[in-house]
Structure formats: C-alpha cells, structure tokens
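Input: a single structure, listed below in structure tokens.
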Amino acid sequence: MTQENSIQTVSVVGLGYIGLPTAAMLASRRTRVIGVDVNKHAVDTINQGKIHIIEPGLDSIVRDVVREGFLRATTTPEPADAFLIAVPTPFKDDYEPDLTYIEKATQALAPVLKKGNIVILESTSPVGATEQMIEWLAALRPDLKMPTTNGVDGDIYAAYCPERVLPGQVVRELVENDRIIGGINKVSAERAKAVYRIFVEGELLETNARTAEMSKLTENAFRDVNIAFANELSLICDKLDINVWDLISLANHHPRVNILQPGAGVGGHCIAVDPWFIVNKTPGEARITRVAREINDAKPEWVVSKIKAAVDKIAATGKPRCDVNVAVLGLAFKPNIDDLRESPAIHIAESIAQFSESRMILVEPNIEKLPRQFDGYELTDCQEAVNTADVIAILVKHSAFEKINFSAKPDQIVIDAVGLLN
Ligand code: SAJ
C-alpha cells in the first residue's frame with residue numbers, strides 16, 4: 001500500500017477536553033475536520049461556533065474554524081482519511097479499565113472505514129488497547145486486511161498517539177509539546193506522523209503502539225509517585241514537628257533532588273486514574289505505583305481529621321459547636337482553575353458538611369455558583385471568610401489567596417494543606 005495520498009479530511013471521534021481542541025487545531029491549519037460525538041448538545045453547540053467545555057483560548061479558534069467551514073460536528077461518523085479517537089477510558093469499581101467508549105467509537109466508525117485510512121487512538125489506555133481496537137475492527141470489517149495480521153500489506157494503518165497537554169494550557173501545549181507516535185507497524189507510524197505534522201511543532205517521536213501506551217501511563221504514574229512522596233513527607237513532618245515546606249525547599253537545593261509539593265490530595269481525571277491501568281495489568285510488579293495511589297487517595301481524609309481536631313479544640317474552650325465557623329479555601333482540583341471535577345477539596349468539604357454541626361463557609365474565587373451538593377451554603381469572599389472563621393482549611397494554592405490578610409483573628413486555627421502561608 002502506498003502513502004502518496006495526503007491527509008485531506010480528519011475525523012475526530014469524541015469532542016471533549018482533548019478531542020475538541022485537537023479538532024480545532026487541525027481545522028485552524030485549514031484541514032477539513034469532521035468532529036463526531038454522541039452528545040447532541042455538544043454537536044449543536046460546536047456547529048454554532050461555540051464550545052461546551054472550559055479551556056482558555058479555545059472559544060475563538062472554534063468560532064473561526066466553524067465560520068470558515070473547516071470544522072463541522074455530527075453525531076454519526078462520515079468517511080475521512082484519518083480517524084482520531086479521543087473518548088474517555090474510566091475504570092470500573094475494581095480499577096479494571098473500561099474500554100466501552102473505545103469499543104463504541106470503533107463500532108461507529110467501522111462502516112465508513114476505507115482502504116488507505118488511518119485509525120489513531122489517543123484515549124489514555126492500558127497496554128494492548130490498540131491491538132484490541134484492531135481486533136474489533138477486524139471483526140466488523142472482514143473485507144479489510146488489518147495491519148496486525150498483514151504487516152505492510154494491511155489495508156488500513158493504526159497507531160496509538162497519547163496527548164500530554166495540561167488543562168488550562170491545552171491550546172499552546174497541543175502545538176508545542178513533543179508527541180509520541182506509536183505505530184502498530186512502521187508504515188502506520190509514518191502515516192500518523194503526517195497527521196500530527198499538520199499542527200504539532202514539537203518533535204514527533206516514533207515507537208511502537210505498546211510502548212506509546214505505556215509511556216502515557218508512565219508519565220502520569222511518575223508524577224503520582226512523586227506527589228505521594230511529598231504527601232508522605234507531610235505526614236512524617238507533622239508527627240516530627242518539622243515544617244514540610246521548608247524541608248522540601250532545603251532538600252531541593254541538592255543538585256539532583258526535586259521533590260514535588262504536598263497537597264490536599266491528587267485530583268483531576270488523569271493522574272488519579274492512569275496509574276491503576278498499570279497496577280491492574282501487572283499487580284505483582286507495580287508495587288510503588290499502587291502504594292503511591294493509596295497514599296494520595298488517603299490524603300483528603302487526613303486533612304479532614306486535622307479539621308475535626310481543630311473544631312474539637314475550639315469546642316473545648318467552651319464555644320458551642322454550632323457557633324464554630326470552618327472556612328474552606330479552595331474547591332478546584334488544582335490552583336487557578338475553575339474545574340471542580342474529581343477534586344480532593346470537594347471531597348473534604350462534603351465530609352465537613354456531614355460530620356460537623358459547625359458552620360461551613362465555602363470560598364472558591366474561580367467560580368460563580370456552588371455545585372448542587374452544597375445547596376444551602378453560600379459562596380463567600382476570601383477575606384470575609386477568613387475574618388469570620390474559627391478554623392481555616394486552605395485546600396488549593398490559588399493566587400487569589402495570596403492577598404488575604406490572615407492575621408485578622410488571633411485565636412484562629414489554620415490548616416494549610418498546600419503551603420500557601422510558607
Ligand atoms: N499536585 C500536587 N502536588 C504537586 C503537583 C500536583 O498535589 O506538586 C496535584 C494537583 O493539585 C492536582 C493533581 O495533583 O490535584 C494533578 O494535577 P497536575 O497539574 O499534576 O496534572 P493534571 O491532571 O492537570 O495533568 C496531568 C499532566 N501530566 C503530567 O504532568 C505528567 C498532563 O501533562 C497530562 O496531559 C494530563 O495529566 C493528562 O491528560 O493525562
């Protein structure tokens with residue numbers, strides 16, 4: 001099979017936090033892009049030139065590419081030269097990866113697949129998922145020769161190419177980051193490179209599909225393990241009466257030491273999930289990876305126990321528990337964003353709401369409205385919350401909190417889970 005055909009039309013299946021920005025970047029380079037999503041609301045919104053997700057800088061790009069006719073969304077796949085799958089891969093209750101969305105995307109695009117097409121999987125996946133995707137395609141399209149069984153003589157190409165973008169900086173990082181291109185065979189890698197060359201200015205690093213799958217998981221597990229070490233240090237230092245922030249800052253002056261920061265726990269949709277894909281495949285070997293997950297998952301409960309102890313201490317002075325004000329500073333899953341999904345701070349606030357007869361004051365400067373589970377609570381201004389609180393729990397290191405004057409009330413107890421005051 002020759003590769004003389006250039007990539008004219010790309011279909012991006014899954015128009016979420018990765019799929020939509022990727023579709024927009026391809027379209028901004030004047031490639032015809034057909035976006036596919038099962039969510040009709042998302043499809044309609046995009047076709048109006050608007051976006052249904054929050055990502056800085058994305059709205060104007062989508063508006064322009066839709067207006068110029070380079071991006072169009074639909075609920076049903078249409079023929080294209082390249083198919084890019086960017087659907088979610090959650091895990092089940094026992095941490096087994098759930099590939100249902102990839103299977104459904106494969107089933108949807110199979111009828112329009114043609115000889116010479118490339119199918120690229122971008123969704124974070126366990127090792128072997130690309131081979132599994134090809135098996136599904138083989139069963140659905142027995143008329144097409146698959147690259148896994150026919151090598152260079154396959155009718156289609158397939159590759160695994162993970163994204164590595166940081167939420168909040170997706171538009172820039174999609175273009176600038178180096179990209180791993182995991183071909184199911186050599187010709188597939190070459191074909192996939194032709195797709196990414198359309199908008200990626202970083203290096204395109206060629207490897208096989210299994211290594212590329214493992215590479216994505218490794219990057220996020222590496223960060224998780226490093227954060228777990230910092231979180232473990234925060235517990236150790238609390239016992240030994242040492243300031244963990246000073247300790248880490250001092251240790252990081254060593255030329256070969258670079259410890260990350262302890263926090264209220266690890267949130268988001270990637271770092272707290274992806275390491276389990278490694279543990280699930282190789283439970284006997286992935287020991288540090290598993291323990292790191294357990295340490296980071298346990299951190300929010302540890303913060304809750306500290307808040308409980310602080311409330312008890314205030315109550316012991318004779319103040320009725322119902323008059324103890326607990327201010328929660330920050331609800332987002334990390335600093336300076338408005339994303340509350342999978343946030344340890346939300347988990348902590350929910351726990352306080354359950355255990356405490358005290359009044360909870362919620363502060364999140366990056367949102368306008370509290371999520372539904374906090375109906376009955378009011379979103380409060382930072383300084384006002386600090387002025388009235390008996391216990392302050394700082395859960396996210398938002399820049400907006402740096403301006404707060406924390407010396408308003410001398411008998412307050414401050415639990416600084418993120419080192420804001422250091
Ligand atoms: N966190 C800490 N201490 C730190 C750093 C982070 O507690 O020193 C916490 C954050 O507060 C947050 C969580 O970890 O709750 C995750 O935040 P993050 O900024 O480390 O990562 P994400 O989830 O926003 O994005 C990660 C990135 N992966 C790596 O840095 C290896 C990003 O490049 C990936 O593209 C993304 O996961 C993904 O989609 O997989």
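In the structure tokens, chains take the letters A, B, ... in the order shown, each chain's residues start at 1, and ligands count up from 1 in the order shown.
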*Return as a PyMOL selection string the residues of protein, DNA or RNA that approach ligand 1 to within 6 Å, with only C-alpha atoms and all ligand atoms taken into account.*
chain A and resi 163-167+219-220+223+227+260-263+265-268+270-271+333-334
*Return as a count of residues only the full set of residues in region 41-201 of chain A whose backbone-based DSSP assignment is alpha helix (DSSP H).*
61
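Nearest-residue note for Glu103 (chain A): choosing from A:Val363, A:Leu140, A:Ile394, A:Ile242, the minimum distance belongs to A:Leu140, counting only C-alpha atoms.
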*Near-region 8-21 of chain A list (8 Å; only C-alpha atoms; drop same-chain fewer than 4 positions) as a ChimeraX atom specification*: /A:25,31-38,42,53,55,58,77-87,105,163,170-171
_Which of region 80-284 of chain A DSSP labels strand (DSSP E), written as a PyMOL selection string_ = chain A and resi 82-85+118-121+157-160+179-183+204-208
Restrict the selected residues to N, CA, C and O atoms and save them as a PDB file, in the first residue's frame.
ATOM      1  N   ALA A  82      -8.330  10.154   7.901  1.00  0.00           N
ATOM      2  CA  ALA A  82      -7.792   9.734   9.203  1.00  0.00           C
ATOM      3  C   ALA A  82      -8.890   9.821  10.254  1.00  0.00           C
ATOM      4  O   ALA A  82      -9.700  10.759  10.235  1.00  0.00           O
ATOM      5  N   PHE A  83      -8.905   8.849  11.147  1.00  0.00           N
ATOM      6  CA  PHE A  83      -9.844   8.858  12.276  1.00  0.00           C
ATOM      7  C   PHE A  83      -9.035   8.922  13.559  1.00  0.00           C
ATOM      8  O   PHE A  83      -8.105   8.134  13.756  1.00  0.00           O
ATOM      9  N   LEU A  84      -9.412   9.855  14.405  1.00  0.00           N
ATOM     10  CA  LEU A  84      -8.688  10.059  15.650  1.00  0.00           C
ATOM     11  C   LEU A  84      -9.667   9.839  16.807  1.00  0.00           C
ATOM     12  O   LEU A  84     -10.670  10.539  16.898  1.00  0.00           O
ATOM     13  N   ILE A  85      -9.404   8.846  17.629  1.00  0.00           N
ATOM     14  CA  ILE A  85     -10.357   8.530  18.707  1.00  0.00           C
ATOM     15  C   ILE A  85      -9.890   9.164  20.021  1.00  0.00           C
ATOM     16  O   ILE A  85      -8.784   8.879  20.492  1.00  0.00           O
ATOM     17  N   ILE A 118      -6.215   5.797   8.175  1.00  0.00           N
ATOM     18  CA  ILE A 118      -5.501   5.502   9.427  1.00  0.00           C
ATOM     19  C   ILE A 118      -6.460   5.729  10.598  1.00  0.00           C
ATOM     20  O   ILE A 118      -7.232   6.699  10.595  1.00  0.00           O
ATOM     21  N   VAL A 119      -6.397   4.815  11.578  1.00  0.00           N
ATOM     22  CA  VAL A 119      -7.168   4.988  12.809  1.00  0.00           C
ATOM     23  C   VAL A 119      -6.160   5.200  13.943  1.00  0.00           C
ATOM     24  O   VAL A 119      -5.297   4.344  14.173  1.00  0.00           O
ATOM     25  N   ILE A 120      -6.273   6.333  14.603  1.00  0.00           N
ATOM     26  CA  ILE A 120      -5.334   6.667  15.685  1.00  0.00           C
ATOM     27  C   ILE A 120      -6.105   6.710  17.005  1.00  0.00           C
ATOM     28  O   ILE A 120      -7.110   7.415  17.122  1.00  0.00           O
ATOM     29  N   LEU A 121      -5.609   5.967  17.982  1.00  0.00           N
ATOM     30  CA  LEU A 121      -6.209   6.012  19.314  1.00  0.00           C
ATOM     31  C   LEU A 121      -5.416   7.010  20.160  1.00  0.00           C
ATOM     32  O   LEU A 121      -4.191   6.925  20.236  1.00  0.00           O
ATOM     33  N   TYR A 157      -4.092   1.640   8.301  1.00  0.00           N
ATOM     34  CA  TYR A 157      -2.992   1.914   9.229  1.00  0.00           C
ATOM     35  C   TYR A 157      -3.602   2.126  10.620  1.00  0.00           C
ATOM     36  O   TYR A 157      -4.761   2.538  10.740  1.00  0.00           O
ATOM     37  N   ALA A 158      -2.794   1.883  11.655  1.00  0.00           N
ATOM     38  CA  ALA A 158      -3.290   2.132  13.015  1.00  0.00           C
ATOM     39  C   ALA A 158      -2.132   2.572  13.910  1.00  0.00           C
ATOM     40  O   ALA A 158      -0.992   2.131  13.733  1.00  0.00           O
ATOM     41  N   ALA A 159      -2.441   3.437  14.860  1.00  0.00           N
ATOM     42  CA  ALA A 159      -1.392   3.933  15.763  1.00  0.00           C
ATOM     43  C   ALA A 159      -1.999   4.364  17.090  1.00  0.00           C
ATOM     44  O   ALA A 159      -3.202   4.615  17.182  1.00  0.00           O
ATOM     45  N   TYR A 160      -1.121   4.411  18.106  1.00  0.00           N
ATOM     46  CA  TYR A 160      -1.508   4.973  19.400  1.00  0.00           C
ATOM     47  C   TYR A 160      -0.673   6.231  19.632  1.00  0.00           C
ATOM     48  O   TYR A 160       0.563   6.167  19.641  1.00  0.00           O
ATOM     49  N   ARG A 179       5.547  14.794  20.764  1.00  0.00           N
ATOM     50  CA  ARG A 179       4.420  13.851  20.683  1.00  0.00           C
ATOM     51  C   ARG A 179       4.939  12.445  20.414  1.00  0.00           C
ATOM     52  O   ARG A 179       5.808  12.253  19.554  1.00  0.00           O
ATOM     53  N   ILE A 180       4.415  11.478  21.145  1.00  0.00           N
ATOM     54  CA  ILE A 180       4.823  10.084  20.922  1.00  0.00           C
ATOM     55  C   ILE A 180       3.910   9.456  19.877  1.00  0.00           C
ATOM     56  O   ILE A 180       2.684   9.532  19.988  1.00  0.00           O
ATOM     57  N   ILE A 181       4.523   8.854  18.862  1.00  0.00           N
ATOM     58  CA  ILE A 181       3.764   8.275  17.749  1.00  0.00           C
ATOM     59  C   ILE A 181       4.002   6.766  17.775  1.00  0.00           C
ATOM     60  O   ILE A 181       5.084   6.294  17.390  1.00  0.00           O
ATOM     61  N   GLY A 182       3.034   6.007  18.268  1.00  0.00           N
ATOM     62  CA  GLY A 182       3.205   4.560  18.424  1.00  0.00           C
ATOM     63  C   GLY A 182       2.517   3.796  17.302  1.00  0.00           C
ATOM     64  O   GLY A 182       1.349   3.428  17.411  1.00  0.00           O
ATOM     65  N   GLY A 183       3.250   3.547  16.245  1.00  0.00           N
ATOM     66  CA  GLY A 183       2.657   2.836  15.103  1.00  0.00           C
ATOM     67  C   GLY A 183       2.478   1.353  15.415  1.00  0.00           C
ATOM     68  O   GLY A 183       3.298   0.752  16.113  1.00  0.00           O
ATOM     69  N   LEU A 204       8.146  14.702  16.778  1.00  0.00           N
ATOM     70  CA  LEU A 204       7.279  13.526  16.659  1.00  0.00           C
ATOM     71  C   LEU A 204       8.160  12.302  16.888  1.00  0.00           C
ATOM     72  O   LEU A 204       9.013  11.973  16.069  1.00  0.00           O
ATOM     73  N   LEU A 205       7.984  11.658  18.045  1.00  0.00           N
ATOM     74  CA  LEU A 205       8.894  10.595  18.481  1.00  0.00           C
ATOM     75  C   LEU A 205       8.290   9.237  18.159  1.00  0.00           C
ATOM     76  O   LEU A 205       7.263   8.865  18.732  1.00  0.00           O
ATOM     77  N   GLU A 206       8.957   8.521  17.266  1.00  0.00           N
ATOM     78  CA  GLU A 206       8.353   7.284  16.762  1.00  0.00           C
ATOM     79  C   GLU A 206       8.679   6.075  17.636  1.00  0.00           C
ATOM     80  O   GLU A 206       9.798   5.894  18.069  1.00  0.00           O
ATOM     81  N   THR A 207       7.664   5.262  17.898  1.00  0.00           N
ATOM     82  CA  THR A 207       7.876   4.000  18.618  1.00  0.00           C
ATOM     83  C   THR A 207       6.739   3.042  18.224  1.00  0.00           C
ATOM     84  O   THR A 207       5.991   3.321  17.293  1.00  0.00           O
ATOM     85  N   ASN A 208       6.644   1.905  18.939  1.00  0.00           N
ATOM     86  CA  ASN A 208       5.522   1.005  18.635  1.00  0.00           C
ATOM     87  C   ASN A 208       4.321   1.335  19.542  1.00  0.00           C
ATOM     88  O   ASN A 208       4.448   2.081  20.518  1.00  0.00           O
TER      89      ASN A 208
END
*For Leu420 (chain A), which residue out of A:Ala298, A:Ile314, A:Ile352, A:Ala393 is the nearest one, using only C-alpha atoms?*
A:Ala393
